[in-house]
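Have a look at start-v5.txt below; it lists compact mmCIF, N, CA and C atoms.
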# COMPACT_ATOMS: atom_id res chain seq x y z
N MET K 744 0.86 -1.16 0.00
CA MET K 744 0.00 0.00 0.00
C MET K 744 0.91 1.23 0.00
N SER K 745 0.58 2.22 -0.80
CA SER K 745 1.43 3.40 -0.92
C SER K 745 1.31 4.30 0.31
N THR K 746 2.31 5.15 0.47
CA THR K 746 2.33 6.08 1.60
C THR K 746 1.14 7.03 1.53
N LYS K 747 0.84 7.53 0.30
CA LYS K 747 -0.29 8.44 0.15
C LYS K 747 -1.59 7.75 0.55
N THR K 748 -1.72 6.50 0.18
CA THR K 748 -2.93 5.75 0.53
C THR K 748 -3.03 5.58 2.03
N GLU K 749 -1.91 5.26 2.66
CA GLU K 749 -1.92 5.10 4.11
C GLU K 749 -2.23 6.42 4.81
N GLN K 750 -1.65 7.51 4.32
CA GLN K 750 -1.92 8.82 4.91
C GLN K 750 -3.39 9.18 4.75
N PHE K 751 -3.94 8.92 3.57
CA PHE K 751 -5.34 9.22 3.34
C PHE K 751 -6.22 8.38 4.25
N ARG K 752 -5.89 7.09 4.34
CA ARG K 752 -6.67 6.19 5.20
C ARG K 752 -6.62 6.66 6.65
N ASP K 753 -5.43 7.06 7.13
CA ASP K 753 -5.28 7.53 8.51
C ASP K 753 -6.07 8.82 8.73
N SER K 754 -6.02 9.72 7.75
CA SER K 754 -6.76 10.98 7.86
C SER K 754 -8.27 10.71 7.91
N LEU K 755 -8.73 9.84 7.04
CA LEU K 755 -10.15 9.50 7.01
C LEU K 755 -10.56 8.82 8.31
N ASN K 756 -9.73 7.93 8.81
CA ASN K 756 -10.02 7.23 10.06
C ASN K 756 -10.12 8.22 11.22
N ALA K 757 -9.21 9.19 11.26
CA ALA K 757 -9.23 10.18 12.34
C ALA K 757 -10.52 10.99 12.29
N LYS K 758 -10.96 11.38 11.10
CA LYS K 758 -12.18 12.17 10.98
C LYS K 758 -13.41 11.34 11.37
N LEU K 759 -13.44 10.10 10.96
CA LEU K 759 -14.57 9.24 11.31
C LEU K 759 -14.59 8.95 12.82
N THR K 760 -13.42 8.82 13.42
CA THR K 760 -13.33 8.61 14.86
C THR K 760 -13.86 9.84 15.59
N LYS K 761 -13.54 11.03 15.08
CA LYS K 761 -14.04 12.27 15.69
C LYS K 761 -15.57 12.31 15.63
N ILE K 762 -16.12 11.95 14.47
CA ILE K 762 -17.58 11.92 14.32
C ILE K 762 -18.20 10.93 15.30
N GLN K 763 -17.59 9.74 15.41
CA GLN K 763 -18.11 8.72 16.33
C GLN K 763 -18.06 9.23 17.76
N SER K 764 -17.01 9.94 18.12
CA SER K 764 -16.88 10.51 19.46
C SER K 764 -18.01 11.50 19.74
N GLN K 765 -18.33 12.32 18.74
CA GLN K 765 -19.42 13.28 18.92
C GLN K 765 -20.75 12.56 19.10
N ILE K 766 -20.97 11.53 18.32
CA ILE K 766 -22.20 10.75 18.44
C ILE K 766 -22.29 10.10 19.83
N ASP K 767 -21.17 9.55 20.30
CA ASP K 767 -21.14 8.94 21.62
C ASP K 767 -21.44 9.97 22.71
N GLY K 768 -20.94 11.19 22.52
CA GLY K 768 -21.21 12.26 23.48
C GLY K 768 -22.69 12.57 23.58
N VAL K 769 -23.35 12.62 22.43
CA VAL K 769 -24.79 12.88 22.43
C VAL K 769 -25.53 11.72 23.10
N LYS K 770 -25.11 10.50 22.82
CA LYS K 770 -25.75 9.34 23.45
C LYS K 770 -25.65 9.42 24.98
N SER K 771 -24.48 9.79 25.46
CA SER K 771 -24.32 9.84 26.91
C SER K 771 -25.14 10.97 27.53
N GLU K 772 -25.28 12.07 26.81
CA GLU K 772 -26.12 13.16 27.30
C GLU K 772 -27.58 12.72 27.39
N VAL K 773 -28.03 11.95 26.42
CA VAL K 773 -29.41 11.50 26.41
C VAL K 773 -29.68 10.59 27.61
N LYS K 774 -28.68 9.79 27.97
CA LYS K 774 -28.85 8.86 29.07
C LYS K 774 -28.74 9.54 30.44
N ALA K 775 -28.19 10.74 30.48
CA ALA K 775 -27.95 11.44 31.76
C ALA K 775 -29.26 11.83 32.44
N ASP K 776 -29.16 12.11 33.71
CA ASP K 776 -30.32 12.58 34.48
C ASP K 776 -30.62 14.00 34.02
N TYR K 777 -31.63 14.13 33.17
CA TYR K 777 -31.87 15.41 32.49
C TYR K 777 -32.54 16.45 33.36
N GLN K 778 -33.15 16.09 34.48
CA GLN K 778 -33.82 17.08 35.31
C GLN K 778 -32.83 18.10 35.88
N HIS K 779 -31.60 17.68 36.13
CA HIS K 779 -30.60 18.57 36.71
C HIS K 779 -29.73 19.20 35.63
N LYS K 780 -30.07 18.98 34.42
CA LYS K 780 -29.20 19.42 33.33
C LYS K 780 -29.83 20.47 32.42
N GLN K 781 -30.93 21.04 32.78
CA GLN K 781 -31.61 21.96 31.87
C GLN K 781 -30.71 23.14 31.48
N ALA K 782 -30.04 23.75 32.43
CA ALA K 782 -29.16 24.88 32.12
C ALA K 782 -27.99 24.42 31.26
N ALA K 783 -27.43 23.28 31.60
CA ALA K 783 -26.30 22.75 30.82
C ALA K 783 -26.75 22.40 29.41
N LEU K 784 -27.96 21.85 29.29
CA LEU K 784 -28.47 21.51 27.97
C LEU K 784 -28.70 22.75 27.12
N THR K 785 -29.19 23.80 27.74
CA THR K 785 -29.39 25.05 27.01
C THR K 785 -28.05 25.59 26.51
N GLU K 786 -27.05 25.49 27.35
CA GLU K 786 -25.70 25.93 26.95
C GLU K 786 -25.19 25.06 25.79
N LYS K 787 -25.39 23.76 25.89
CA LYS K 787 -24.96 22.87 24.81
C LYS K 787 -25.75 23.12 23.53
N LEU K 788 -27.02 23.43 23.68
CA LEU K 788 -27.84 23.75 22.52
C LEU K 788 -27.29 24.99 21.82
N ASN K 789 -26.96 26.01 22.59
CA ASN K 789 -26.39 27.22 22.00
C ASN K 789 -25.06 26.93 21.31
N ALA K 790 -24.24 26.09 21.93
CA ALA K 790 -22.96 25.71 21.31
C ALA K 790 -23.20 24.92 20.03
N ALA K 791 -24.20 24.03 20.05
CA ALA K 791 -24.52 23.25 18.86
C ALA K 791 -24.99 24.16 17.73
N ARG K 792 -25.79 25.17 18.08
CA ARG K 792 -26.25 26.13 17.06
C ARG K 792 -25.06 26.88 16.45
N ALA K 793 -24.12 27.26 17.28
CA ALA K 793 -22.92 27.94 16.78
C ALA K 793 -22.12 27.01 15.87
N SER K 794 -22.04 25.75 16.25
CA SER K 794 -21.32 24.77 15.44
C SER K 794 -21.99 24.59 14.09
N VAL K 795 -23.31 24.56 14.08
CA VAL K 795 -24.05 24.43 12.82
C VAL K 795 -23.75 25.60 11.91
N ALA K 796 -23.73 26.79 12.48
CA ALA K 796 -23.45 27.98 11.67
C ALA K 796 -22.06 27.90 11.05
N ALA K 797 -21.10 27.43 11.83
CA ALA K 797 -19.73 27.31 11.32
C ALA K 797 -19.64 26.22 10.26
N LYS K 798 -20.35 25.13 10.46
CA LYS K 798 -20.28 24.00 9.52
C LYS K 798 -20.99 24.29 8.21
N LYS K 799 -21.91 25.25 8.20
CA LYS K 799 -22.64 25.55 6.97
C LYS K 799 -21.70 25.99 5.86
N GLN K 800 -20.70 26.79 6.20
CA GLN K 800 -19.75 27.24 5.19
C GLN K 800 -18.94 26.06 4.66
N GLU K 801 -18.48 25.21 5.57
CA GLU K 801 -17.73 24.02 5.15
C GLU K 801 -18.60 23.13 4.28
N ALA K 802 -19.87 23.00 4.63
CA ALA K 802 -20.78 22.15 3.86
C ALA K 802 -20.98 22.70 2.46
N LYS K 803 -21.09 24.03 2.33
CA LYS K 803 -21.25 24.62 1.00
C LYS K 803 -20.02 24.36 0.15
N ALA K 804 -18.85 24.52 0.74
CA ALA K 804 -17.61 24.25 0.00
C ALA K 804 -17.52 22.77 -0.36
N ALA K 805 -17.91 21.90 0.56
CA ALA K 805 -17.88 20.47 0.30
C ALA K 805 -18.83 20.09 -0.82
N GLU K 806 -19.99 20.71 -0.83
CA GLU K 806 -20.96 20.42 -1.88
C GLU K 806 -20.41 20.84 -3.25
N ALA K 807 -19.75 21.99 -3.29
CA ALA K 807 -19.15 22.44 -4.55
C ALA K 807 -18.08 21.47 -5.02
N LYS K 808 -17.24 20.99 -4.09
CA LYS K 808 -16.21 20.01 -4.46
C LYS K 808 -16.84 18.71 -4.94
N ALA K 809 -17.90 18.30 -4.29
CA ALA K 809 -18.58 17.07 -4.69
C ALA K 809 -19.15 17.20 -6.11
N GLN K 810 -19.72 18.36 -6.41
CA GLN K 810 -20.26 18.58 -7.76
C GLN K 810 -19.13 18.55 -8.80
N ASP K 811 -17.98 19.15 -8.45
CA ASP K 811 -16.82 19.10 -9.35
C ASP K 811 -16.38 17.67 -9.59
N TRP K 812 -16.38 16.88 -8.52
CA TRP K 812 -15.97 15.48 -8.64
C TRP K 812 -16.94 14.70 -9.54
N ILE K 813 -18.21 14.92 -9.35
CA ILE K 813 -19.20 14.22 -10.17
C ILE K 813 -18.99 14.56 -11.64
N LYS K 814 -18.74 15.82 -11.92
CA LYS K 814 -18.49 16.25 -13.30
C LYS K 814 -17.21 15.62 -13.84
N ALA K 815 -16.13 15.65 -13.05
CA ALA K 815 -14.86 15.07 -13.50
C ALA K 815 -14.98 13.57 -13.72
N LYS K 816 -15.71 12.92 -12.85
CA LYS K 816 -15.88 11.47 -12.97
C LYS K 816 -16.68 11.13 -14.23
N ALA K 817 -17.71 11.93 -14.50
CA ALA K 817 -18.51 11.71 -15.70
C ALA K 817 -17.67 11.95 -16.96
N GLU K 818 -16.83 12.98 -16.91
CA GLU K 818 -15.98 13.28 -18.06
C GLU K 818 -14.93 12.20 -18.28
N ALA K 819 -14.36 11.72 -17.20
CA ALA K 819 -13.30 10.72 -17.32
C ALA K 819 -13.87 9.38 -17.77
N GLY K 820 -14.88 8.93 -17.11
CA GLY K 820 -15.49 7.66 -17.47
C GLY K 820 -14.58 6.49 -17.17
N ALA K 821 -15.17 5.35 -16.96
CA ALA K 821 -14.43 4.14 -16.61
C ALA K 821 -13.49 3.71 -17.74
N ASP K 822 -13.92 3.88 -18.98
CA ASP K 822 -13.09 3.45 -20.11
C ASP K 822 -11.80 4.27 -20.19
N LEU K 823 -11.92 5.57 -19.99
CA LEU K 823 -10.74 6.44 -20.05
C LEU K 823 -9.78 6.10 -18.92
N ILE K 824 -10.31 5.86 -17.74
CA ILE K 824 -9.46 5.50 -16.60
C ILE K 824 -8.74 4.19 -16.89
N GLN K 825 -9.45 3.24 -17.47
CA GLN K 825 -8.81 1.97 -17.82
C GLN K 825 -7.71 2.20 -18.86
N THR K 826 -7.94 3.11 -19.79
CA THR K 826 -6.93 3.44 -20.79
C THR K 826 -5.68 4.00 -20.10
N TRP K 827 -5.89 4.88 -19.13
CA TRP K 827 -4.74 5.43 -18.38
C TRP K 827 -3.97 4.31 -17.69
N LYS K 828 -4.70 3.36 -17.13
CA LYS K 828 -4.05 2.23 -16.47
C LYS K 828 -3.26 1.40 -17.48
N ASP K 829 -3.91 1.11 -18.61
CA ASP K 829 -3.26 0.30 -19.63
C ASP K 829 -1.99 0.97 -20.17
N LYS K 830 -2.03 2.28 -20.30
CA LYS K 830 -0.89 3.02 -20.84
C LYS K 830 0.09 3.47 -19.74
N HIS K 831 -0.21 3.10 -18.51
CA HIS K 831 0.63 3.46 -17.37
C HIS K 831 0.84 4.98 -17.28
N GLU K 832 -0.25 5.72 -17.48
CA GLU K 832 -0.20 7.18 -17.38
C GLU K 832 -0.39 7.58 -15.92
N LYS K 833 0.70 7.41 -15.17
CA LYS K 833 0.66 7.60 -13.73
C LYS K 833 0.23 9.01 -13.33
N ASN K 834 0.70 10.03 -14.04
CA ASN K 834 0.34 11.39 -13.63
C ASN K 834 -1.16 11.63 -13.75
N LYS K 835 -1.81 11.08 -14.76
CA LYS K 835 -3.26 11.23 -14.89
C LYS K 835 -3.98 10.43 -13.81
N LEU K 836 -3.48 9.24 -13.56
CA LEU K 836 -4.09 8.42 -12.50
C LEU K 836 -3.89 9.06 -11.13
N ASP K 837 -2.73 9.67 -10.91
CA ASP K 837 -2.49 10.37 -9.65
C ASP K 837 -3.45 11.55 -9.48
N ARG K 838 -3.65 12.32 -10.55
CA ARG K 838 -4.58 13.45 -10.46
C ARG K 838 -5.99 12.95 -10.18
N TYR K 839 -6.36 11.87 -10.83
CA TYR K 839 -7.69 11.29 -10.61
C TYR K 839 -7.82 10.81 -9.16
N ALA K 840 -6.78 10.17 -8.64
CA ALA K 840 -6.79 9.68 -7.25
C ALA K 840 -6.86 10.86 -6.28
N ASP K 841 -6.12 11.93 -6.59
CA ASP K 841 -6.16 13.12 -5.73
C ASP K 841 -7.57 13.69 -5.68
N ARG K 842 -8.23 13.77 -6.82
CA ARG K 842 -9.60 14.30 -6.84
C ARG K 842 -10.56 13.37 -6.10
N ALA K 843 -10.33 12.07 -6.22
CA ALA K 843 -11.18 11.11 -5.50
C ALA K 843 -11.01 11.30 -3.99
N GLU K 844 -9.77 11.52 -3.55
CA GLU K 844 -9.52 11.75 -2.13
C GLU K 844 -10.15 13.06 -1.68
N GLN K 845 -10.06 14.09 -2.49
CA GLN K 845 -10.68 15.37 -2.16
C GLN K 845 -12.20 15.22 -2.05
N ASN K 846 -12.76 14.41 -2.92
CA ASN K 846 -14.20 14.17 -2.86
C ASN K 846 -14.58 13.46 -1.56
N ALA K 847 -13.77 12.49 -1.17
CA ALA K 847 -14.05 11.77 0.08
C ALA K 847 -13.97 12.73 1.27
N GLU K 848 -12.95 13.59 1.27
CA GLU K 848 -12.83 14.57 2.36
C GLU K 848 -14.01 15.54 2.36
N ALA K 849 -14.45 15.95 1.17
CA ALA K 849 -15.61 16.84 1.08
C ALA K 849 -16.85 16.15 1.64
N ALA K 850 -16.99 14.88 1.34
CA ALA K 850 -18.13 14.12 1.87
C ALA K 850 -18.08 14.06 3.39
N ILE K 851 -16.88 13.95 3.95
CA ILE K 851 -16.74 13.93 5.42
C ILE K 851 -17.15 15.28 5.99
N TYR K 852 -16.72 16.38 5.35
CA TYR K 852 -17.14 17.71 5.82
C TYR K 852 -18.65 17.83 5.77
N TYR K 853 -19.24 17.32 4.71
CA TYR K 853 -20.69 17.37 4.57
C TYR K 853 -21.35 16.55 5.68
N ALA K 854 -20.77 15.39 5.96
CA ALA K 854 -21.30 14.55 7.04
C ALA K 854 -21.16 15.24 8.40
N GLU K 855 -20.04 15.93 8.60
CA GLU K 855 -19.86 16.66 9.86
C GLU K 855 -20.91 17.75 10.01
N ALA K 856 -21.23 18.42 8.91
CA ALA K 856 -22.27 19.46 8.97
C ALA K 856 -23.62 18.84 9.28
N ALA K 857 -23.91 17.70 8.66
CA ALA K 857 -25.17 17.02 8.94
C ALA K 857 -25.21 16.55 10.39
N LEU K 858 -24.08 16.07 10.89
CA LEU K 858 -24.01 15.65 12.28
C LEU K 858 -24.23 16.84 13.21
N ALA K 859 -23.64 17.99 12.88
CA ALA K 859 -23.85 19.19 13.70
C ALA K 859 -25.33 19.54 13.75
N ASN K 860 -26.02 19.43 12.61
CA ASN K 860 -27.47 19.67 12.59
C ASN K 860 -28.20 18.66 13.46
N ALA K 861 -27.78 17.40 13.39
CA ALA K 861 -28.43 16.37 14.19
C ALA K 861 -28.20 16.60 15.68
N ILE K 862 -27.00 17.01 16.04
CA ILE K 862 -26.71 17.30 17.44
C ILE K 862 -27.56 18.46 17.93
N GLU K 863 -27.63 19.51 17.11
CA GLU K 863 -28.47 20.66 17.48
C GLU K 863 -29.91 20.22 17.68
N ALA K 864 -30.44 19.43 16.76
CA ALA K 864 -31.82 18.96 16.87
C ALA K 864 -32.00 18.09 18.12
N SER K 865 -31.00 17.28 18.44
CA SER K 865 -31.09 16.42 19.63
C SER K 865 -31.15 17.26 20.90
N TYR K 866 -30.29 18.28 20.98
CA TYR K 866 -30.31 19.14 22.16
C TYR K 866 -31.61 19.93 22.24
N GLU K 867 -32.13 20.35 21.10
CA GLU K 867 -33.43 21.04 21.12
C GLU K 867 -34.51 20.11 21.65
N ALA K 868 -34.49 18.86 21.19
CA ALA K 868 -35.49 17.89 21.66
C ALA K 868 -35.35 17.59 23.14
N ILE K 869 -34.10 17.41 23.59
CA ILE K 869 -33.89 17.13 25.01
C ILE K 869 -34.31 18.31 25.86
N THR K 870 -33.93 19.52 25.44
CA THR K 870 -34.29 20.73 26.18
C THR K 870 -35.82 20.89 26.23
N ALA K 871 -36.47 20.62 25.11
CA ALA K 871 -37.92 20.71 25.08
C ALA K 871 -38.56 19.68 26.01
N ARG K 872 -38.02 18.45 26.02
CA ARG K 872 -38.56 17.41 26.87
C ARG K 872 -38.37 17.75 28.34
N VAL K 873 -37.18 18.28 28.69
CA VAL K 873 -36.93 18.67 30.08
C VAL K 873 -37.90 19.75 30.48
N GLY K 874 -38.11 20.73 29.61
CA GLY K 874 -39.07 21.79 29.91
C GLY K 874 -40.47 21.25 30.12
N ALA K 875 -40.87 20.32 29.29
CA ALA K 875 -42.20 19.73 29.41
C ALA K 875 -42.32 18.91 30.68
N ASP K 876 -41.29 18.14 31.00
CA ASP K 876 -41.32 17.30 32.20
C ASP K 876 -41.32 18.11 33.48
N LEU K 877 -40.66 19.25 33.45
CA LEU K 877 -40.58 20.08 34.65
C LEU K 877 -41.79 20.98 34.82
N ALA K 878 -42.65 21.08 33.79
CA ALA K 878 -43.84 21.95 33.86
C ALA K 878 -44.92 21.32 34.69
Structure rendered as structure tokens:
Amino acid sequence: MSTKTEQFRDSLNAKLTKIQSQIDGVKSEVKADYQHKQAALTEKLNAARASVAAKKQEAKAAEAKAQDWIKAKAEAGADLIQTWKDKHEKNKLDRYADRAEQNAEAAIYYAEAALANAIEASYEAITARVGADLA
């Protein structure tokens, strides 16, 4: 396996681990004794809203990169890529691999933005439930 592939795999793994950690954090908050956490939940909700706002820009950029990738992939086509392989056109294959990696990273940014939205919605739901239960 090439060094670039290993670096990409490690980078992707680190990002996915970060996402899993955030999901685990939300799970543990849901399990917590929520009656004593209303103020803390409101604070977390506000932080989640701020995170969503920050992630929106990243998500827009990621979406643009994804659209570029879809266009490049359609233009290249499987036959052309196979031709590059057959002719050992490494520089073209490297550029194609670089764009594929950029697309994967863009998808991760998009997933992080979606996760930020989900976290915000979760805190809104928990805060609403605490308010209802305490009424």
Minimum-distance residue to K:Ala805, chosen among K:Glu848, K:Glu772, K:Glu786, K:Asp841 (using only N, CA and C atoms):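 Once distances to K:Ala805 are computed over only N, CA and C atoms, the minimum belongs to K:Glu848.
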Using only C-alpha atoms: which of K:Ala850, K:Ala864, K:Val873, K:Ala856 has the shortest distance to K:Ala796: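 Checking each of K:Ala850, K:Ala864, K:Val873, K:Ala856 against K:Ala796, counting only C-alpha atoms, the winner is K:Ala856.
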Contact residues around K:Asn860 with only C-alpha atoms at 8 Å, ignoring same-chain residues under 3 positions, as a list in words: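 Near neighbours after the sequence-gap exclusion: Ala791, Arg792, Val795, Ala856, Ala857, Glu863 and Ala864 of chain K.
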Write the selection just made, keeping N, CA and C atoms, as a PDB file, in the frame of the given file?
ATOM      1  N   ALA K 791     -24.200  24.030  20.050  1.00  0.00           N
ATOM      2  CA  ALA K 791     -24.520  23.250  18.860  1.00  0.00           C
ATOM      3  C   ALA K 791     -24.990  24.160  17.730  1.00  0.00           C
ATOM      4  N   ARG K 792     -25.790  25.170  18.080  1.00  0.00           N
ATOM      5  CA  ARG K 792     -26.250  26.130  17.060  1.00  0.00           C
ATOM      6  C   ARG K 792     -25.060  26.880  16.450  1.00  0.00           C
ATOM      7  N   VAL K 795     -23.310  24.560  14.080  1.00  0.00           N
ATOM      8  CA  VAL K 795     -24.050  24.430  12.820  1.00  0.00           C
ATOM      9  C   VAL K 795     -23.750  25.600  11.910  1.00  0.00           C
ATOM     10  N   ALA K 856     -21.230  18.420   8.910  1.00  0.00           N
ATOM     11  CA  ALA K 856     -22.270  19.460   8.970  1.00  0.00           C
ATOM     12  C   ALA K 856     -23.620  18.840   9.280  1.00  0.00           C
ATOM     13  N   ALA K 857     -23.910  17.700   8.660  1.00  0.00           N
ATOM     14  CA  ALA K 857     -25.170  17.020   8.940  1.00  0.00           C
ATOM     15  C   ALA K 857     -25.210  16.550  10.390  1.00  0.00           C
ATOM     16  N   GLU K 863     -27.630  19.510  17.110  1.00  0.00           N
ATOM     17  CA  GLU K 863     -28.470  20.660  17.480  1.00  0.00           C
ATOM     18  C   GLU K 863     -29.910  20.220  17.680  1.00  0.00           C
ATOM     19  N   ALA K 864     -30.440  19.430  16.760  1.00  0.00           N
ATOM     20  CA  ALA K 864     -31.820  18.960  16.870  1.00  0.00           C
ATOM     21  C   ALA K 864     -32.000  18.090  18.120  1.00  0.00           C
TER      22      ALA K 864
END
Residue with smallest distance to K:Leu759 - pool K:Tyr866, K:Tyr852, K:Tyr839, K:Trp812, counting only C-alpha atoms: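 Residue with the minimum atom-to-atom distance to K:Leu759: K:Tyr852.
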Length of the atom C of K:Ala847 to atom CA of K:Leu755 vector [Å]: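 About the pair atom C of K:Ala847 and atom CA of K:Leu755: they are 7.6 Å apart.
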Local residues around (-5.7, 10.4, 1.8), at most 10 Å away, using only C-alpha atoms, as a PyMOL selection string: chain K and resi 746-756+840-841+843-845+847-848
Coordinates-based distance that separates atom CA of K:Leu784 from atom CA of K:Arg872 (Å, one decimal):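 Between atom CA of K:Arg872 and atom CA of K:Leu784 the gap is 10.9 Å.
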Computed interatomic separation between atom N of K:Asp876 and atom C of K:Gln781 (Å):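 Result for atom N of K:Asp876 versus atom C of K:Gln781: 11.7 Å, one decimal.
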Counting all atoms listed in the file, the residue of K:Leu788, K:Ala797, K:Ala783, K:Ala802 that sits nearest K:Ser865: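 Ranked by minimum distance to K:Ser865, first place goes to K:Leu788.
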Centre, edges in Å (one decimal): axis-aligned box, stretch 746-757 of chain K, 6 Å padding on all six sides, as lines of an AutoDock Vina configuration file:
center_x = -4.1
center_y = 8.0
center_z = 6.2
size_x = 24.9
size_y = 17.9
size_z = 24.2
Residue among K:Ala859, K:Ala809, K:Ala817, K:Ala782 lying closest to K:Asn846, counting all atoms listed in the file: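 That would be K:Ala809, the residue with the smallest distance to K:Asn846.
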